[in-house]
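Have a look at query-v1.txt below; it lists compact mmCIF, C-alpha atoms.
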# COMPACT_ATOMS: atom_id res chain seq x y z
CA MET A 1 -2.70 -43.40 -22.23
CA ILE A 2 -3.33 -41.81 -18.84
CA SER A 3 -6.19 -43.47 -16.99
CA SER A 4 -9.33 -41.43 -16.35
CA ALA A 5 -8.79 -41.60 -12.57
CA TRP A 6 -5.24 -40.20 -12.72
CA LEU A 7 -6.22 -37.54 -15.25
CA LEU A 8 -9.20 -36.43 -13.19
CA GLY A 9 -7.00 -36.38 -10.08
CA LEU A 10 -4.50 -34.10 -11.87
CA TYR A 11 -7.23 -31.76 -13.06
CA SER A 12 -8.78 -31.64 -9.59
CA LEU A 13 -5.41 -30.78 -8.04
CA LEU A 14 -4.91 -27.91 -10.49
CA VAL A 15 -8.43 -26.63 -9.81
CA LEU A 16 -7.76 -26.83 -6.06
CA LEU A 17 -4.53 -24.84 -6.36
CA ALA A 18 -6.10 -22.23 -8.64
CA SER A 19 -8.98 -21.71 -6.22
CA LEU A 20 -6.67 -21.43 -3.21
CA ALA A 21 -4.52 -18.88 -5.06
CA GLY A 22 -7.52 -16.65 -5.74
CA GLY A 23 -8.61 -16.73 -2.12
CA TRP A 24 -5.11 -16.03 -0.83
CA LEU A 25 -4.70 -12.84 -2.87
CA PRO A 26 -6.60 -10.52 -0.47
CA LEU A 27 -4.63 -12.08 2.40
CA LEU A 28 -1.28 -11.24 0.81
CA ILE A 29 -2.05 -7.66 -0.23
CA LYS A 30 -2.45 -4.80 2.24
CA LEU A 31 -6.04 -3.71 1.60
CA THR A 32 -6.17 0.06 1.91
CA HIS A 33 -9.46 1.92 1.57
CA THR A 34 -8.99 2.51 -2.18
CA ARG A 35 -7.79 -1.03 -2.90
CA LEU A 36 -10.74 -2.55 -1.07
CA GLN A 37 -13.21 -0.37 -2.98
CA MET A 38 -11.59 -1.31 -6.28
CA ALA A 39 -11.72 -4.99 -5.35
CA ILE A 40 -15.41 -4.68 -4.43
CA SER A 41 -16.14 -2.95 -7.75
CA LEU A 42 -14.33 -5.70 -9.65
CA VAL A 43 -16.31 -8.32 -7.74
CA ALA A 44 -19.54 -6.45 -8.56
CA GLY A 45 -18.79 -6.68 -12.28
CA LEU A 46 -17.79 -10.32 -11.93
CA MET A 47 -21.01 -11.19 -10.09
CA LEU A 48 -23.13 -9.39 -12.67
CA GLY A 49 -21.44 -11.41 -15.38
CA ILE A 50 -21.75 -14.69 -13.50
CA ALA A 51 -25.44 -14.09 -12.83
CA LEU A 52 -26.39 -13.05 -16.37
CA LEU A 53 -23.90 -14.99 -18.50
CA HIS A 54 -23.49 -18.21 -16.51
CA PHE A 55 -26.18 -18.93 -13.91
CA LEU A 56 -29.09 -17.61 -15.96
CA PRO A 57 -28.31 -19.50 -19.21
CA ASP A 58 -27.51 -22.68 -17.26
CA ALA A 59 -30.81 -22.44 -15.39
CA ALA A 60 -32.79 -21.87 -18.60
CA GLU A 61 -31.05 -24.86 -20.18
CA GLN A 62 -32.17 -27.08 -17.32
CA LEU A 63 -35.72 -25.72 -16.99
CA HIS A 64 -36.56 -25.28 -20.70
CA SER A 65 -38.82 -22.41 -19.65
CA LEU A 66 -37.96 -18.72 -19.67
CA ASP A 67 -40.97 -17.85 -17.51
CA ARG A 68 -40.04 -20.34 -14.79
CA THR A 69 -36.40 -19.28 -14.93
CA VAL A 70 -37.19 -15.58 -14.53
CA THR A 71 -39.67 -16.34 -11.73
CA TRP A 72 -36.96 -18.06 -9.70
CA VAL A 73 -34.49 -15.27 -10.50
CA LEU A 74 -36.98 -12.74 -9.15
CA GLY A 75 -37.53 -14.92 -6.09
CA GLY A 76 -33.80 -15.01 -5.37
CA PHE A 77 -33.49 -11.27 -5.87
CA LEU A 78 -36.36 -10.44 -3.52
CA ALA A 79 -35.25 -12.95 -0.89
CA MET A 80 -31.78 -11.41 -0.68
CA PHE A 81 -33.17 -7.87 -0.91
CA PHE A 82 -35.52 -8.27 2.06
CA LEU A 83 -32.87 -10.07 4.10
CA GLN A 84 -30.49 -7.16 3.58
CA ARG A 85 -33.17 -4.59 4.39
CA PHE A 86 -34.29 -6.51 7.47
CA PHE A 87 -30.75 -6.51 8.84
CA HIS A 88 -30.25 -2.80 8.06
CA PHE A 89 -27.33 -3.19 5.69
CA HIS A 90 -24.54 -0.58 5.61
CA HIS A 91 -21.87 0.32 3.08
CA HIS A 92 -18.60 -1.59 3.09
CA ASP A 93 -15.64 0.40 4.29
CA LEU A 94 -12.34 0.14 6.08
CA PRO A 95 -11.55 2.16 9.16
CA GLU A 96 -8.27 3.92 9.67
CA GLY A 97 -5.74 1.29 10.65
CA ASP A 98 -5.71 -2.47 10.28
CA PRO A 99 -8.32 -3.94 7.86
CA GLU A 100 -8.60 -6.92 10.15
CA ASP A 101 -10.30 -4.66 12.69
CA CYS A 102 -12.97 -3.35 10.29
CA CYS A 103 -15.72 -5.20 12.10
CA HIS A 104 -15.16 -2.83 15.04
CA GLU A 105 -15.50 0.43 13.08
CA HIS A 106 -19.03 1.59 13.99
CA GLU A 107 -19.66 4.23 16.62
CA HIS A 108 -23.32 5.10 17.11
CA HIS A 109 -24.77 8.06 18.99
CA HIS A 110 -27.30 5.99 20.95
CA ASP A 111 -27.50 4.46 24.36
CA HIS A 112 -25.19 1.52 25.01
CA GLY A 113 -27.86 -1.18 24.85
CA HIS A 114 -29.31 0.05 21.56
CA GLU A 115 -25.83 0.52 20.13
CA HIS A 116 -24.90 -3.07 20.95
CA ALA A 117 -28.03 -4.49 19.31
CA HIS A 118 -27.59 -2.28 16.25
CA THR A 119 -23.95 -3.35 15.84
CA LEU A 120 -24.87 -7.03 16.03
CA ALA A 121 -27.55 -6.55 13.38
CA ASP A 122 -25.08 -4.69 11.17
CA LYS A 123 -22.51 -7.49 11.47
CA SER A 124 -25.17 -10.04 10.55
CA ALA A 125 -26.15 -7.97 7.52
CA ARG A 126 -22.56 -7.70 6.35
CA GLN A 127 -22.29 -11.50 6.39
CA LEU A 128 -25.25 -11.96 4.04
CA SER A 129 -23.40 -10.90 0.91
CA TRP A 130 -20.49 -13.28 1.27
CA VAL A 131 -22.67 -16.12 2.58
CA GLY A 132 -25.01 -15.83 -0.41
CA THR A 133 -22.06 -15.57 -2.79
CA ALA A 134 -20.28 -18.56 -1.25
CA LEU A 135 -23.39 -20.75 -1.41
CA GLY A 136 -24.10 -19.87 -5.04
CA LEU A 137 -20.54 -20.38 -6.20
CA SER A 138 -20.22 -23.61 -4.20
CA LEU A 139 -23.27 -25.05 -5.95
CA HIS A 140 -21.83 -24.09 -9.31
CA SER A 141 -18.43 -25.52 -8.32
CA LEU A 142 -20.01 -28.87 -7.47
CA LEU A 143 -21.64 -28.91 -10.90
CA ASP A 144 -18.29 -27.98 -12.45
CA GLY A 145 -16.84 -31.06 -10.78
CA LEU A 146 -19.59 -33.27 -12.20
CA ALA A 147 -19.06 -31.80 -15.67
CA LEU A 148 -15.29 -32.24 -15.44
CA ALA A 149 -15.55 -35.89 -14.37
CA ALA A 150 -18.11 -36.61 -17.10
CA ALA A 151 -15.91 -34.98 -19.74
CA VAL A 152 -12.88 -37.02 -18.68
CA GLU A 153 -14.93 -40.22 -18.68
CA ALA A 154 -16.37 -39.49 -22.13
CA GLY A 155 -12.99 -38.51 -23.57
CA THR A 156 -11.31 -41.61 -22.19
CA LYS A 157 -13.89 -43.85 -23.83
CA GLY A 158 -13.34 -41.93 -27.05
CA HIS A 159 -9.55 -42.50 -26.74
CA ALA A 160 -8.74 -38.79 -26.42
CA GLY A 161 -5.14 -38.01 -25.43
CA LEU A 162 -5.97 -35.51 -22.70
CA ALA A 163 -9.63 -36.17 -22.14
CA GLY A 164 -11.63 -33.24 -20.80
CA LEU A 165 -8.77 -30.74 -21.23
CA GLY A 166 -11.08 -27.99 -22.52
CA VAL A 167 -13.46 -28.35 -19.58
CA ALA A 168 -10.55 -28.44 -17.13
CA LEU A 169 -9.05 -25.23 -18.56
CA ALA A 170 -12.40 -23.43 -18.36
CA VAL A 171 -12.84 -24.43 -14.71
CA ILE A 172 -9.23 -23.67 -13.74
CA LEU A 173 -9.35 -20.21 -15.32
CA HIS A 174 -12.41 -19.00 -13.43
CA LYS A 175 -11.80 -20.63 -10.05
CA PRO A 176 -9.33 -17.94 -8.84
CA PHE A 177 -11.89 -15.21 -9.55
CA ASP A 178 -14.66 -17.10 -7.75
CA ALA A 179 -12.47 -17.50 -4.67
CA LEU A 180 -11.34 -13.87 -4.92
CA ALA A 181 -14.97 -12.74 -4.88
CA VAL A 182 -15.79 -14.65 -1.71
CA SER A 183 -12.59 -13.64 0.08
CA THR A 184 -13.02 -9.97 -0.84
CA LEU A 185 -16.59 -9.84 0.46
CA MET A 186 -15.53 -11.59 3.66
CA THR A 187 -12.81 -8.96 4.13
CA ALA A 188 -15.31 -6.15 3.58
CA GLY A 189 -17.65 -7.78 6.08
CA GLY A 190 -15.01 -7.83 8.79
CA SER A 191 -14.35 -11.59 8.86
CA SER A 192 -11.17 -12.70 10.59
CA ARG A 193 -8.14 -13.90 8.66
CA PHE A 194 -8.58 -17.43 10.04
CA SER A 195 -12.22 -17.66 8.93
CA ARG A 196 -11.28 -16.44 5.46
CA GLN A 197 -8.51 -19.02 5.18
CA LEU A 198 -10.83 -21.78 6.41
CA LEU A 199 -13.64 -20.94 4.00
CA ASN A 200 -11.18 -20.54 1.15
CA ALA A 201 -9.90 -24.07 1.78
CA LEU A 202 -13.43 -25.50 1.96
CA PHE A 203 -14.52 -23.66 -1.17
CA ALA A 204 -11.46 -24.94 -3.06
CA LEU A 205 -12.58 -28.51 -2.31
CA ALA A 206 -16.04 -28.04 -3.89
CA THR A 207 -15.07 -28.91 -7.48
CA PRO A 208 -12.92 -31.94 -6.54
CA LEU A 209 -15.82 -33.06 -4.35
CA GLY A 210 -18.19 -32.78 -7.31
CA ALA A 211 -15.78 -34.83 -9.41
CA GLY A 212 -15.70 -37.51 -6.74
CA LEU A 213 -19.49 -37.53 -6.41
CA PHE A 214 -19.73 -38.28 -10.14
CA TYR A 215 -18.37 -41.76 -9.51
CA LEU A 216 -20.80 -42.23 -6.63
CA GLY A 217 -23.77 -41.74 -8.94
CA ALA A 218 -24.41 -38.03 -8.40
CA ASN A 219 -24.64 -37.54 -12.17
CA GLN A 220 -27.72 -39.76 -12.22
CA PHE A 221 -29.31 -37.62 -9.51
CA ALA A 222 -28.50 -34.46 -11.45
CA ASP A 223 -29.87 -35.85 -14.71
CA SER A 224 -33.14 -36.86 -13.07
CA ASN A 225 -33.50 -33.62 -11.11
CA ALA A 226 -32.80 -31.04 -13.80
CA VAL A 227 -35.77 -28.92 -12.68
CA PHE A 228 -34.45 -28.73 -9.11
CA LEU A 229 -30.97 -27.74 -10.29
CA GLY A 230 -32.37 -25.21 -12.74
CA CYS A 231 -34.48 -23.56 -10.05
CA ALA A 232 -31.51 -23.48 -7.67
CA LEU A 233 -29.25 -21.85 -10.26
CA ALA A 234 -31.93 -19.30 -11.21
CA PHE A 235 -32.44 -18.47 -7.52
CA CYS A 236 -28.67 -18.00 -7.13
CA ALA A 237 -28.66 -15.73 -10.20
CA GLY A 238 -31.28 -13.56 -8.48
CA THR A 239 -29.29 -13.35 -5.25
CA PHE A 240 -26.14 -12.42 -7.17
CA LEU A 241 -27.98 -9.67 -9.03
CA CYS A 242 -29.29 -8.28 -5.76
CA ILE A 243 -25.89 -8.38 -4.04
CA ALA A 244 -24.26 -6.63 -7.00
CA CYS A 245 -26.99 -4.04 -7.57
CA SER A 246 -28.13 -3.13 -4.05
CA ASP A 247 -24.92 -3.70 -2.12
CA LEU A 248 -21.77 -3.52 -4.25
CA LEU A 249 -22.62 -1.16 -7.10
CA PRO A 250 -23.77 1.68 -4.79
CA GLU A 251 -20.11 1.93 -3.78
CA LEU A 252 -19.45 3.50 -7.20
CA GLN A 253 -21.90 6.30 -6.39
CA PHE A 254 -20.90 6.63 -2.74
CA HIS A 255 -17.16 7.02 -3.46
CA SER A 256 -17.37 9.74 -6.09
CA HIS A 257 -13.71 10.72 -5.62
CA ASP A 258 -12.59 7.41 -7.12
CA ARG A 259 -15.38 7.01 -9.65
CA PHE A 260 -13.03 6.52 -12.63
CA LYS A 261 -10.91 3.85 -10.92
CA LEU A 262 -13.97 2.03 -9.59
CA SER A 263 -15.70 2.13 -12.98
CA ILE A 264 -12.64 0.61 -14.65
CA ALA A 265 -12.51 -2.11 -11.97
CA LEU A 266 -16.21 -2.84 -12.56
CA MET A 267 -15.65 -3.26 -16.30
CA VAL A 268 -12.61 -5.46 -15.70
CA GLY A 269 -14.71 -7.77 -13.53
CA LEU A 270 -17.44 -7.90 -16.15
CA GLY A 271 -14.83 -8.52 -18.84
CA VAL A 272 -13.47 -11.50 -16.91
CA ALA A 273 -16.97 -13.02 -16.77
CA VAL A 274 -17.42 -12.44 -20.51
CA LEU A 275 -14.04 -14.02 -21.29
CA ILE A 276 -14.82 -17.08 -19.20
CA GLY A 277 -18.17 -17.40 -20.98
CA GLN A 278 -16.43 -17.29 -24.36
CA ILE A 279 -13.99 -20.00 -23.33
CA GLU A 280 -16.81 -22.21 -22.06
CA ALA A 281 -18.89 -21.58 -25.20
CA HIS A 282 -15.93 -22.49 -27.44
CA ASP A 283 -15.31 -25.66 -25.47
CA HIS A 284 -19.02 -26.51 -25.57
CA ALA A 285 -18.96 -26.35 -29.36
CA HIS A 286 -15.82 -28.45 -29.87
CA ASN A 287 -15.99 -31.21 -27.25
CA GLU A 288 -18.03 -34.37 -27.04
CA ALA A 289 -18.95 -33.67 -23.41
CA THR A 290 -21.02 -30.59 -22.53
CA PRO A 291 -19.03 -28.43 -20.03
CA VAL A 292 -21.57 -25.70 -19.40
CA MET A 293 -23.54 -27.77 -16.97
CA LEU A 294 -24.00 -31.47 -16.54
CA ALA A 295 -22.01 -33.31 -19.16
CA LYS A 296 -23.10 -36.83 -20.01
CA PRO A 297 -20.60 -39.54 -20.91
CA GLU A 298 -21.27 -41.30 -24.19
For this file, produce the structure as C-alpha cells.
Amino acid sequence: MISSAWLLGLYSLLVLLASLAGGWLPLLIKLTHTRLQMAISLVAGLMLGIALLHFLPDAAEQLHSLDRTVTWVLGGFLAMFFLQRFFHFHHHDLPEGDPEDCCHEHEHHHDHGHEHAHTLADKSARQLSWVGTALGLSLHSLLDGLALAAAVEAGTKGHAGLAGLGVALAVILHKPFDALAVSTLMTAGGSSRFSRQLLNALFALATPLGAGLFYLGANQFADSNAVFLGCALAFCAGTFLCIACSDLLPELQFHSHDRFKLSIALMVGLGVAVLIGQIEAHDHAHNEATPVMLAKPE
C-alpha cells in the first residue's frame, strides 16, 4: 500500500501541474480582441458559478446561518463595488497591436498632469478584479489542500487503495480553470508576461501548501475557526459576484457585434462550474472524508 505521504505528494504534484497548465494557456495563445472578450465572458460565467455554487454553500455550511452568510456576501459585493467605482473602472479591451502593451492604450483629451493621474487610477482599478479573484481562489485552494490531505489520511487509516482519489480528481479538474481565470483577468488588466507567470506559479503552490499545513496542525485551526472561514468565503462570494456582474458581464452588452459568441462563452464557463459542483457533490456522498470544505480524518 502506498503511504499517505507519498500519495499526497503525488496528488499535490498533479494539482500543481494542472494549475500551471491553466495559467499558461493565455500565454501560449495569441489573444486577439475577440479571443480576449470570449475568455473574459467564459471567466464571468465561471466566477458566477464559483460564487453561487461553491463559495456560498461552503460558507453557509460553516456558519450554519443563512442571514449571516448573506450579510457577508453583501459586504463583499459592496466593498468591491465601491473600490471599483472609487478607482473609476473602465472596460477591458485590447489595443491594436501587441496585447502585452494593453496597459498603454488610453489617450485622454486632458492636460498632461490630469491625464497622468487619470491613467494611474485606471491602471489601479484594472488590477482590482484580478487581485480580488486571486485572493478568493487562493483561500479556496488552501482549503482544498487541507481537504485533500484529510481525505488521504482518513482513507489510509481505512485501508483504501488510493485514498482520497475522489477529492484529488475534483481538485485537479477545477484547478486549470481557476488559474485560467486569474491569468485572463491579469492579461485584460495589462499585467506583464513575467508578472502573470510569477503569480501563476505562486497560485499553483496554494493547494500543495494547504496540504502541507494540514500536517502542521492547520486543520485544528480551521475546525475551531469555522465562523471565520465561513465569513471569509461568503465575503469572497460577494466580491466574485461584483466582479462578474459589474465588470465582466457588461462586456456582453458593450460588444454587441459578438453577442452570440460571448453568450456561448458565458454559458460554457457557467457549465464548467456546474460540472465541478456535480463532481464534488458525488464525491461528498461516496467518500468517508468530506471534500467540499474541511474534511476530518476518522
Could you work out an axis-aligned box for stretch 266-279 of chain A, taking every atom the file lists and adding 6 Å on each side, and report centre and edge lengths in Å to one decimal, as lines of an AutoDock Vina configuration file?
center_x = -15.4
center_y = -11.4
center_z = -18.5
size_x = 17.6
size_y = 29.2
size_z = 23.8
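Minimum atom-to-atom distance to A:Met186, evaluated using all atoms listed in the file, belongs to A:Leu199 out of A:Ala273, A:Leu249, A:Leu25, A:Leu199.
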Atomic separation - atom CA of A:Leu36 relative to atom CA of A:Phe81, Å: 23.1 Å
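Between atom CA of A:Ser141 and atom CA of A:Ile50 lies a distance of 12.5 Å.
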Pick from A:Leu66, A:Ala201, A:Leu139, A:Val43 nearest to A:Leu233, counting all atoms listed in the file: A:Leu139
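Proximity of A:Phe203, A:Trp6, A:Trp130, A:Phe260 to A:Asp247, computed with only C-alpha atoms, is greatest for A:Trp130.
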Test item: residues at most 8 Å from A:Leu56, only C-alpha atoms, excluding those fewer than 4 positions along its chain, as a ChimeraX atom specification: /A:51-52,60,69,233-234,237
Counting all atoms listed in the file, the residue of A:Leu142, A:Gln62, A:Ile172, A:Leu28 that sits nearest A:Leu10: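 Closest residue, counting all atoms listed in the file: A:Ile172.
Using only C-alpha atoms, the shortest contact distance between A:Leu46 and any of A:Leu13, A:Ala188, A:Leu202, A:Leu137 is found at A:Leu137.
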Separation of atom CA of A:Ala18 from atom CA of A:Ala170, in Å and rounded to one decimal: 11.6 Å
Best match for closeness to A:Asp58 among A:Cys236, A:Val15, A:Ala79, A:Leu128, counting all atoms listed in the file: A:Cys236
Contact residues around A:Ile29 with only C-alpha atoms at 12 Å, ignoring same-chain residues under 5 positions, as a PyMOL selection string: chain A and resi 22-24+35-36+39+99+184+187
Selection: 12 Å around A:His54, only C-alpha atoms, excl. self and same-chain fewer than 5 positions, as a PyMOL selection string: chain A and resi 46-49+59-61+136-137+140+144+174+230+233-234+236-237+240+270+273-281+291-293
